[in-house]
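Asks: First the structure, which I've put down as structure tokens, then a few questions once you've had a look.
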Amino acid sequence: MRLKLIFVVGAMLCTPAVGFGRSKADGSSPRVVQYHATIDVVKYVYGLAPPVEHLHSGDILETNTLDCFGDVIKKPGDPLSLVKGDNPLTGPFHIDGAEPGDTLAIDILNLDVNGTQGVGAFAPGFGALNSTNYTPMLNPPLPERVWFYPIDHASNTAAFHALDSDFSTTIALHIFLGCIGVAPSEGEARSSVVPAEFGGNMDAPEVSVGNTLYLPVNVPGALLYMGDGHAAMGDGEVAGTAIEVPLKVRLRVRLIKGKAIEWPRFENEHEIMAAGIYRPVDDALRIAFTQLVSWIHADYGLSELDAYELLSQVGKIHLTEMVDPNYVVVASIDKKYLPPKKK
């Protein structure tokens, strides 16, 4: 989600609590690191900042995220001017031993909405069907409006209530992190609004329970950030927001040494998926598919041309968002169409 660009750097730290959870297959217990974020300690850029906690490969992280508004929009009449900054981020988390040229694997273990309602909004100057800084128009922009979505945890649904009529409907929840990424390369700091090679505001429903996200490590320690929880979102996030919610997050970090990737990737039991992040959308699509071709060639042994032809027959495309400074396309293929993975 994005409403305006704000660059803020914070470095206040919370004291984490460290505990232990369920046993590994070898009988040992993974370390479970617990960290609680508040509005006073969140960040608004991906970049070099003092870590809030150190994690080891194999650790489980239990933490929370604020919604994209910083949890300040609570009731009808609350204006978006209350928002301190867009997409407040929990972190960064330093992954001990991570170096440029490695890959960080993040297993999404559990995501829960941390509250009883979500928020959706659009604002002047933002949205796929609104005039923006990138697509200026002479007609006036759409006015600010805010919707509230009651969350029913028992049925795992949210309720949409129209503002201009008495219509309502229910929406099945698909909970995911809209923002997750690592520090960019070369000391850059990037707004929490902008997705790019390091991940960031991808608004990808693929960042959900049961999936693994792979991110390139660009700086020592990787510096992992996350935020912008979504209870549900349509393809493209066309009005600029999902059902925006705070989340309780449980994930596992794993470090893959000596294996470099250029763009974010996703995997689950059935599919491999590659993200392309750029503008215009056709270049984002080309990045996603060239990454997927390279992945199939490297890990499954097909030639690049055979992989290209196969994707033309069975590949899938998912436009996750088209409202941020960069658009995001995820290209995927079902593993049933691939040869066995190379050892």
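By convention here, the chains of the structure tokens are called A, B, ... in the order presented, each chain's residues are numbered starting at 1, and ligands are numbered starting at 1 in the order presented.
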Pick out each residue of segment 20-164 of chain A that DSSP on the backbone tags as strand (DSSP E or B); I need them as a PDB file with N, CA and C atoms, in the first residue's frame.

Replies:
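After the write, states37.pdb holds the following:
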```pdb
ATOM      1  N   PHE A  20      12.198 -20.942  23.551  1.00  0.00           N
ATOM      2  CA  PHE A  20      12.417 -22.130  22.746  1.00  0.00           C
ATOM      3  C   PHE A  20      11.091 -22.788  22.444  1.00  0.00           C
ATOM      4  N   ARG A  31      15.862 -22.133  18.146  1.00  0.00           N
ATOM      5  CA  ARG A  31      15.716 -20.941  18.964  1.00  0.00           C
ATOM      6  C   ARG A  31      14.520 -20.143  18.469  1.00  0.00           C
ATOM      7  N   VAL A  32      13.677 -19.712  19.377  1.00  0.00           N
ATOM      8  CA  VAL A  32      12.517 -18.884  19.043  1.00  0.00           C
ATOM      9  C   VAL A  32      12.771 -17.492  19.600  1.00  0.00           C
ATOM     10  N   VAL A  33      12.865 -16.520  18.712  1.00  0.00           N
ATOM     11  CA  VAL A  33      13.137 -15.136  19.091  1.00  0.00           C
ATOM     12  C   VAL A  33      11.835 -14.355  19.014  1.00  0.00           C
ATOM     13  N   GLN A  34      11.492 -13.685  20.108  1.00  0.00           N
ATOM     14  CA  GLN A  34      10.269 -12.887  20.169  1.00  0.00           C
ATOM     15  C   GLN A  34      10.635 -11.406  20.241  1.00  0.00           C
ATOM     16  N   LYS A  43      10.478   1.497  11.265  1.00  0.00           N
ATOM     17  CA  LYS A  43      11.253   2.216  10.264  1.00  0.00           C
ATOM     18  C   LYS A  43      10.378   2.469   9.034  1.00  0.00           C
ATOM     19  N   VAL A  45      12.133   3.014   5.879  1.00  0.00           N
ATOM     20  CA  VAL A  45      12.998   2.731   4.732  1.00  0.00           C
ATOM     21  C   VAL A  45      13.652   1.370   4.934  1.00  0.00           C
ATOM     22  N   TYR A  46      14.004   0.735   3.809  1.00  0.00           N
ATOM     23  CA  TYR A  46      14.887  -0.420   3.823  1.00  0.00           C
ATOM     24  C   TYR A  46      16.304   0.102   3.633  1.00  0.00           C
ATOM     25  N   GLU A  53      17.377  -7.123  16.529  1.00  0.00           N
ATOM     26  CA  GLU A  53      17.713  -8.447  17.063  1.00  0.00           C
ATOM     27  C   GLU A  53      18.586  -9.180  16.068  1.00  0.00           C
ATOM     28  N   HIS A  54      19.406 -10.084  16.563  1.00  0.00           N
ATOM     29  CA  HIS A  54      20.213 -10.969  15.732  1.00  0.00           C
ATOM     30  C   HIS A  54      19.538 -12.338  15.665  1.00  0.00           C
ATOM     31  N   LEU A  55      19.468 -12.903  14.452  1.00  0.00           N
ATOM     32  CA  LEU A  55      18.923 -14.230  14.231  1.00  0.00           C
ATOM     33  C   LEU A  55      19.995 -15.122  13.632  1.00  0.00           C
ATOM     34  N   ILE A  60      13.457 -19.343  14.599  1.00  0.00           N
ATOM     35  CA  ILE A  60      12.064 -18.954  14.376  1.00  0.00           C
ATOM     36  C   ILE A  60      11.847 -17.583  15.006  1.00  0.00           C
ATOM     37  N   LEU A  61      11.266 -16.685  14.252  1.00  0.00           N
ATOM     38  CA  LEU A  61      10.963 -15.334  14.724  1.00  0.00           C
ATOM     39  C   LEU A  61       9.467 -15.197  14.952  1.00  0.00           C
ATOM     40  N   GLU A  62       9.098 -14.718  16.135  1.00  0.00           N
ATOM     41  CA  GLU A  62       7.722 -14.361  16.449  1.00  0.00           C
ATOM     42  C   GLU A  62       7.677 -12.876  16.728  1.00  0.00           C
ATOM     43  N   THR A  63       6.922 -12.140  15.925  1.00  0.00           N
ATOM     44  CA  THR A  63       6.893 -10.694  16.066  1.00  0.00           C
ATOM     45  C   THR A  63       5.524 -10.172  15.624  1.00  0.00           C
ATOM     46  N   ASN A  64       5.402  -8.873  15.557  1.00  0.00           N
ATOM     47  CA  ASN A  64       4.154  -8.245  15.120  1.00  0.00           C
ATOM     48  C   ASN A  64       4.468  -7.150  14.117  1.00  0.00           C
ATOM     49  N   THR A  65       3.483  -6.789  13.340  1.00  0.00           N
ATOM     50  CA  THR A  65       3.596  -5.643  12.445  1.00  0.00           C
ATOM     51  C   THR A  65       2.396  -4.734  12.633  1.00  0.00           C
ATOM     52  N   LEU A  89       7.682  -0.397   9.197  1.00  0.00           N
ATOM     53  CA  LEU A  89       8.346  -1.684   9.094  1.00  0.00           C
ATOM     54  C   LEU A  89       8.875  -2.146  10.447  1.00  0.00           C
ATOM     55  N   THR A  90       8.659  -3.397  10.758  1.00  0.00           N
ATOM     56  CA  THR A  90       9.277  -4.043  11.909  1.00  0.00           C
ATOM     57  C   THR A  90      10.668  -4.530  11.495  1.00  0.00           C
ATOM     58  N   GLY A  91      11.673  -4.251  12.320  1.00  0.00           N
ATOM     59  CA  GLY A  91      13.035  -4.654  12.012  1.00  0.00           C
ATOM     60  C   GLY A  91      13.978  -3.475  12.057  1.00  0.00           C
ATOM     61  N   PRO A  92      15.200  -3.649  11.546  1.00  0.00           N
ATOM     62  CA  PRO A  92      15.676  -4.828  10.815  1.00  0.00           C
ATOM     63  C   PRO A  92      16.214  -5.919  11.731  1.00  0.00           C
ATOM     64  N   PHE A  93      16.175  -7.149  11.220  1.00  0.00           N
ATOM     65  CA  PHE A  93      16.723  -8.302  11.902  1.00  0.00           C
ATOM     66  C   PHE A  93      18.010  -8.718  11.192  1.00  0.00           C
ATOM     67  N   HIS A  94      19.097  -8.783  11.940  1.00  0.00           N
ATOM     68  CA  HIS A  94      20.404  -9.160  11.408  1.00  0.00           C
ATOM     69  C   HIS A  94      20.499 -10.680  11.393  1.00  0.00           C
ATOM     70  N   ILE A  95      20.796 -11.256  10.240  1.00  0.00           N
ATOM     71  CA  ILE A  95      20.945 -12.701  10.109  1.00  0.00           C
ATOM     72  C   ILE A  95      22.440 -13.005  10.200  1.00  0.00           C
ATOM     73  N   THR A 103      21.745 -16.309  -0.212  1.00  0.00           N
ATOM     74  CA  THR A 103      20.297 -16.154  -0.337  1.00  0.00           C
ATOM     75  C   THR A 103      19.657 -16.378   1.018  1.00  0.00           C
ATOM     76  N   LEU A 104      18.708 -15.531   1.370  1.00  0.00           N
ATOM     77  CA  LEU A 104      17.933 -15.681   2.601  1.00  0.00           C
ATOM     78  C   LEU A 104      16.601 -16.340   2.267  1.00  0.00           C
ATOM     79  N   ALA A 105      16.340 -17.490   2.884  1.00  0.00           N
ATOM     80  CA  ALA A 105      15.058 -18.184   2.736  1.00  0.00           C
ATOM     81  C   ALA A 105      14.203 -17.908   3.956  1.00  0.00           C
ATOM     82  N   ILE A 106      12.950 -17.536   3.732  1.00  0.00           N
ATOM     83  CA  ILE A 106      12.021 -17.190   4.808  1.00  0.00           C
ATOM     84  C   ILE A 106      10.790 -18.073   4.674  1.00  0.00           C
ATOM     85  N   ASP A 107      10.622 -18.997   5.610  1.00  0.00           N
ATOM     86  CA  ASP A 107       9.455 -19.880   5.621  1.00  0.00           C
ATOM     87  C   ASP A 107       8.343 -19.207   6.415  1.00  0.00           C
ATOM     88  N   ILE A 108       7.200 -18.964   5.788  1.00  0.00           N
ATOM     89  CA  ILE A 108       6.080 -18.313   6.457  1.00  0.00           C
ATOM     90  C   ILE A 108       5.292 -19.388   7.204  1.00  0.00           C
ATOM     91  N   LEU A 109       5.398 -19.393   8.531  1.00  0.00           N
ATOM     92  CA  LEU A 109       4.809 -20.451   9.350  1.00  0.00           C
ATOM     93  C   LEU A 109       3.399 -20.119   9.816  1.00  0.00           C
ATOM     94  N   ASN A 110       3.165 -18.865  10.202  1.00  0.00           N
ATOM     95  CA  ASN A 110       1.829 -18.499  10.675  1.00  0.00           C
ATOM     96  C   ASN A 110       1.650 -16.987  10.610  1.00  0.00           C
ATOM     97  N   LEU A 111       0.471 -16.560  10.209  1.00  0.00           N
ATOM     98  CA  LEU A 111       0.087 -15.149  10.172  1.00  0.00           C
ATOM     99  C   LEU A 111      -1.326 -15.036  10.723  1.00  0.00           C
ATOM    100  N   ASP A 112      -1.521 -14.156  11.704  1.00  0.00           N
ATOM    101  CA  ASP A 112      -2.841 -13.928  12.282  1.00  0.00           C
ATOM    102  C   ASP A 112      -3.136 -12.433  12.311  1.00  0.00           C
ATOM    103  N   VAL A 113      -4.379 -12.073  11.977  1.00  0.00           N
ATOM    104  CA  VAL A 113      -4.796 -10.676  12.113  1.00  0.00           C
ATOM    105  C   VAL A 113      -4.814 -10.317  13.593  1.00  0.00           C
ATOM    106  N   GLN A 117     -10.704  -5.524  13.073  1.00  0.00           N
ATOM    107  CA  GLN A 117     -11.142  -4.840  11.864  1.00  0.00           C
ATOM    108  C   GLN A 117      -9.948  -4.503  10.993  1.00  0.00           C
ATOM    109  N   GLY A 118     -10.238  -4.341   9.697  1.00  0.00           N
ATOM    110  CA  GLY A 118      -9.258  -3.857   8.747  1.00  0.00           C
ATOM    111  C   GLY A 118      -9.713  -2.526   8.174  1.00  0.00           C
ATOM    112  N   VAL A 119      -8.802  -1.878   7.455  1.00  0.00           N
ATOM    113  CA  VAL A 119      -9.072  -0.555   6.896  1.00  0.00           C
ATOM    114  C   VAL A 119      -8.690  -0.547   5.419  1.00  0.00           C
ATOM    115  N   GLY A 120      -9.517   0.078   4.601  1.00  0.00           N
ATOM    116  CA  GLY A 120      -9.194   0.336   3.206  1.00  0.00           C
ATOM    117  C   GLY A 120      -9.433   1.798   2.904  1.00  0.00           C
ATOM    118  N   ALA A 121      -8.669   2.353   1.965  1.00  0.00           N
ATOM    119  CA  ALA A 121      -8.802   3.790   1.686  1.00  0.00           C
ATOM    120  C   ALA A 121      -8.249   4.105   0.314  1.00  0.00           C
ATOM    121  N   PHE A 122      -8.694   5.227  -0.241  1.00  0.00           N
ATOM    122  CA  PHE A 122      -7.920   5.833  -1.313  1.00  0.00           C
ATOM    123  C   PHE A 122      -7.834   7.323  -1.072  1.00  0.00           C
ATOM    124  N   ARG A 145     -11.305   8.766   0.912  1.00  0.00           N
ATOM    125  CA  ARG A 145     -12.393   7.986   1.509  1.00  0.00           C
ATOM    126  C   ARG A 145     -11.788   6.804   2.267  1.00  0.00           C
ATOM    127  N   VAL A 146     -12.483   6.380   3.320  1.00  0.00           N
ATOM    128  CA  VAL A 146     -11.999   5.295   4.177  1.00  0.00           C
ATOM    129  C   VAL A 146     -13.126   4.303   4.427  1.00  0.00           C
ATOM    130  N   TRP A 147     -12.823   3.022   4.292  1.00  0.00           N
ATOM    131  CA  TRP A 147     -13.749   1.937   4.579  1.00  0.00           C
ATOM    132  C   TRP A 147     -13.220   1.108   5.748  1.00  0.00           C
ATOM    133  N   PHE A 148     -14.116   0.591   6.571  1.00  0.00           N
ATOM    134  CA  PHE A 148     -13.731  -0.295   7.668  1.00  0.00           C
ATOM    135  C   PHE A 148     -14.314  -1.683   7.402  1.00  0.00           C
ATOM    136  N   TYR A 149     -13.502  -2.694   7.694  1.00  0.00           N
ATOM    137  CA  TYR A 149     -13.850  -4.087   7.414  1.00  0.00           C
ATOM    138  C   TYR A 149     -13.853  -4.891   8.714  1.00  0.00           C
ATOM    139  N   PRO A 150     -15.021  -5.147   9.312  1.00  0.00           N
ATOM    140  CA  PRO A 150     -15.053  -6.019  10.496  1.00  0.00           C
ATOM    141  C   PRO A 150     -14.503  -7.402  10.155  1.00  0.00           C
ATOM    142  N   ILE A 151     -13.648  -7.927  11.026  1.00  0.00           N
ATOM    143  CA  ILE A 151     -13.038  -9.239  10.836  1.00  0.00           C
ATOM    144  C   ILE A 151     -13.757 -10.257  11.713  1.00  0.00           C
ATOM    145  N   ASP A 152     -14.218 -11.347  11.117  1.00  0.00           N
ATOM    146  CA  ASP A 152     -14.822 -12.453  11.862  1.00  0.00           C
ATOM    147  C   ASP A 152     -13.794 -13.584  11.906  1.00  0.00           C
ATOM    148  N   THR A 157     -13.407 -14.469   7.731  1.00  0.00           N
ATOM    149  CA  THR A 157     -13.915 -13.572   6.705  1.00  0.00           C
ATOM    150  C   THR A 157     -13.870 -12.120   7.190  1.00  0.00           C
ATOM    151  N   ALA A 158     -13.963 -11.216   6.229  1.00  0.00           N
ATOM    152  CA  ALA A 158     -14.145  -9.795   6.506  1.00  0.00           C
ATOM    153  C   ALA A 158     -15.427  -9.341   5.829  1.00  0.00           C
ATOM    154  N   ALA A 159     -16.027  -8.290   6.351  1.00  0.00           N
ATOM    155  CA  ALA A 159     -17.276  -7.769   5.792  1.00  0.00           C
ATOM    156  C   ALA A 159     -17.018  -6.439   5.094  1.00  0.00           C
ATOM    157  N   PHE A 160     -17.434  -6.360   3.829  1.00  0.00           N
ATOM    158  CA  PHE A 160     -17.401  -5.095   3.091  1.00  0.00           C
ATOM    159  C   PHE A 160     -18.766  -4.442   3.207  1.00  0.00           C
ATOM    160  N   HIS A 161     -18.796  -3.166   3.621  1.00  0.00           N
ATOM    161  CA  HIS A 161     -20.027  -2.386   3.695  1.00  0.00           C
ATOM    162  C   HIS A 161     -19.868  -1.166   2.791  1.00  0.00           C
TER     163      HIS A 161
END
```

Asks: Can you list, as a list in words, every protein, DNA or RNA residue that comes within 8 Å of Arg279 of chain A when you count only C-alpha atoms, leaving out same-chain residues fewer than 3 positions away?

Replies: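 These residues fall inside the cut-off: Asp282, Asp283, Ala284, Pro325, Asn326 and Tyr327 of chain A.
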
Asks: I'd like the neighbourhood of Asp96 of chain A as a list in words, where a residue qualifies if any of its atoms comes within 10 Å (using only C-alpha atoms), though same-chain residues fewer than 5 positions away should be ignored.

Replies: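 Close residues of Asp96 of chain A: His54, Leu55, His56, Ser57, Pro220, Gly221, Ala222, Leu223 and Leu255 of chain A.
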
Asks: Filtering to N, CA and C atoms, could you give me those residues as a PDB file, in the first residue's frame?

Replies:
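Now in result_28.pdb:
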```pdb
ATOM      1  N   HIS A  54      19.406 -10.084  16.563  1.00  0.00           N
ATOM      2  CA  HIS A  54      20.213 -10.969  15.732  1.00  0.00           C
ATOM      3  C   HIS A  54      19.538 -12.338  15.665  1.00  0.00           C
ATOM      4  N   LEU A  55      19.468 -12.903  14.452  1.00  0.00           N
ATOM      5  CA  LEU A  55      18.923 -14.230  14.231  1.00  0.00           C
ATOM      6  C   LEU A  55      19.995 -15.122  13.632  1.00  0.00           C
ATOM      7  N   HIS A  56      19.922 -16.411  13.945  1.00  0.00           N
ATOM      8  CA  HIS A  56      20.786 -17.412  13.331  1.00  0.00           C
ATOM      9  C   HIS A  56      19.977 -18.189  12.302  1.00  0.00           C
ATOM     10  N   SER A  57      20.650 -18.750  11.320  1.00  0.00           N
ATOM     11  CA  SER A  57      19.976 -19.609  10.363  1.00  0.00           C
ATOM     12  C   SER A  57      19.288 -20.744  11.100  1.00  0.00           C
ATOM     13  N   PRO A 220      26.164  -7.360   4.659  1.00  0.00           N
ATOM     14  CA  PRO A 220      26.380  -8.296   5.767  1.00  0.00           C
ATOM     15  C   PRO A 220      25.212  -8.281   6.748  1.00  0.00           C
ATOM     16  N   GLY A 221      24.718  -9.485   7.081  1.00  0.00           N
ATOM     17  CA  GLY A 221      23.579  -9.588   7.986  1.00  0.00           C
ATOM     18  C   GLY A 221      22.226  -9.513   7.319  1.00  0.00           C
ATOM     19  N   ALA A 222      22.188  -9.211   6.031  1.00  0.00           N
ATOM     20  CA  ALA A 222      20.955  -9.126   5.222  1.00  0.00           C
ATOM     21  C   ALA A 222      20.037  -7.982   5.648  1.00  0.00           C
ATOM     22  N   LEU A 223      19.741  -7.854   6.951  1.00  0.00           N
ATOM     23  CA  LEU A 223      18.848  -6.830   7.504  1.00  0.00           C
ATOM     24  C   LEU A 223      17.431  -6.981   6.953  1.00  0.00           C
ATOM     25  N   LEU A 255      19.579 -19.593   5.951  1.00  0.00           N
ATOM     26  CA  LEU A 255      20.603 -18.976   5.119  1.00  0.00           C
ATOM     27  C   LEU A 255      21.142 -20.013   4.140  1.00  0.00           C
TER      28      LEU A 255
END
```

Asks: Which residue out of A:Gly199, A:Gly115, A:Phe69, A:Glu186 has the minimum interatomic distance to Leu247 of chain A when only C-alpha atoms are used?

Replies: A:Gly115

Asks: Would you compute the distance between atom CA of Val207 of chain A and atom CA of Leu251 of chain A? Give it in Å to one decimal.

Replies: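 So the answer is 10.8 Å.
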
Asks: Work out how far apart atom CA of Tyr134 of chain A and atom CA of Leu48 of chain A are and give it in Å to one decimal.

Replies: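 One can read the atom CA of Tyr134 of chain A to atom CA of Leu48 of chain A distance as 28.5 Å.
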
Asks: How would you write, as a PyMOL selection string, the set of residues in segment 112-290 of chain A that DSSP gives as helix (DSSP H, G or I)?

Replies: chain A and resi 281-290

Asks: Convert the current residue selection to file output with C-alpha atoms, as a CSV table (one decimal), in the first residue's frame.

Replies:
```
chain,number,residue,atom,x,y,z
A,281,VAL,CA,4.4,-3.7,-16.4
A,282,ASP,CA,5.7,-5.5,-19.5
A,283,ASP,CA,9.2,-5.1,-18.3
A,284,ALA,CA,8.2,-6.5,-14.9
A,285,LEU,CA,6.7,-9.5,-16.7
A,286,ARG,CA,10.0,-10.0,-18.7
A,287,ILE,CA,12.0,-9.9,-15.5
A,288,ALA,CA,9.8,-12.5,-13.9
A,289,PHE,CA,9.9,-14.9,-16.8
A,290,THR,CA,13.6,-14.6,-17.4
```

Asks: When distances are computed from only C-alpha atoms, which of A:Glu237, A:Ala232, A:Gly181, A:Phe176 shows the smallest separation from Ser208 of chain A?

Replies: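 Of all the options, A:Phe176 lies closest to Ser208 of chain A.
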
Asks: Smallest atom-to-atom distance to Asp102 of chain A: which of A:Ile256, A:Met273, A:Leu138, A:Val245, using only C-alpha atoms?

Replies: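 The answer is A:Ile256, which sits nearest to Asp102 of chain A.
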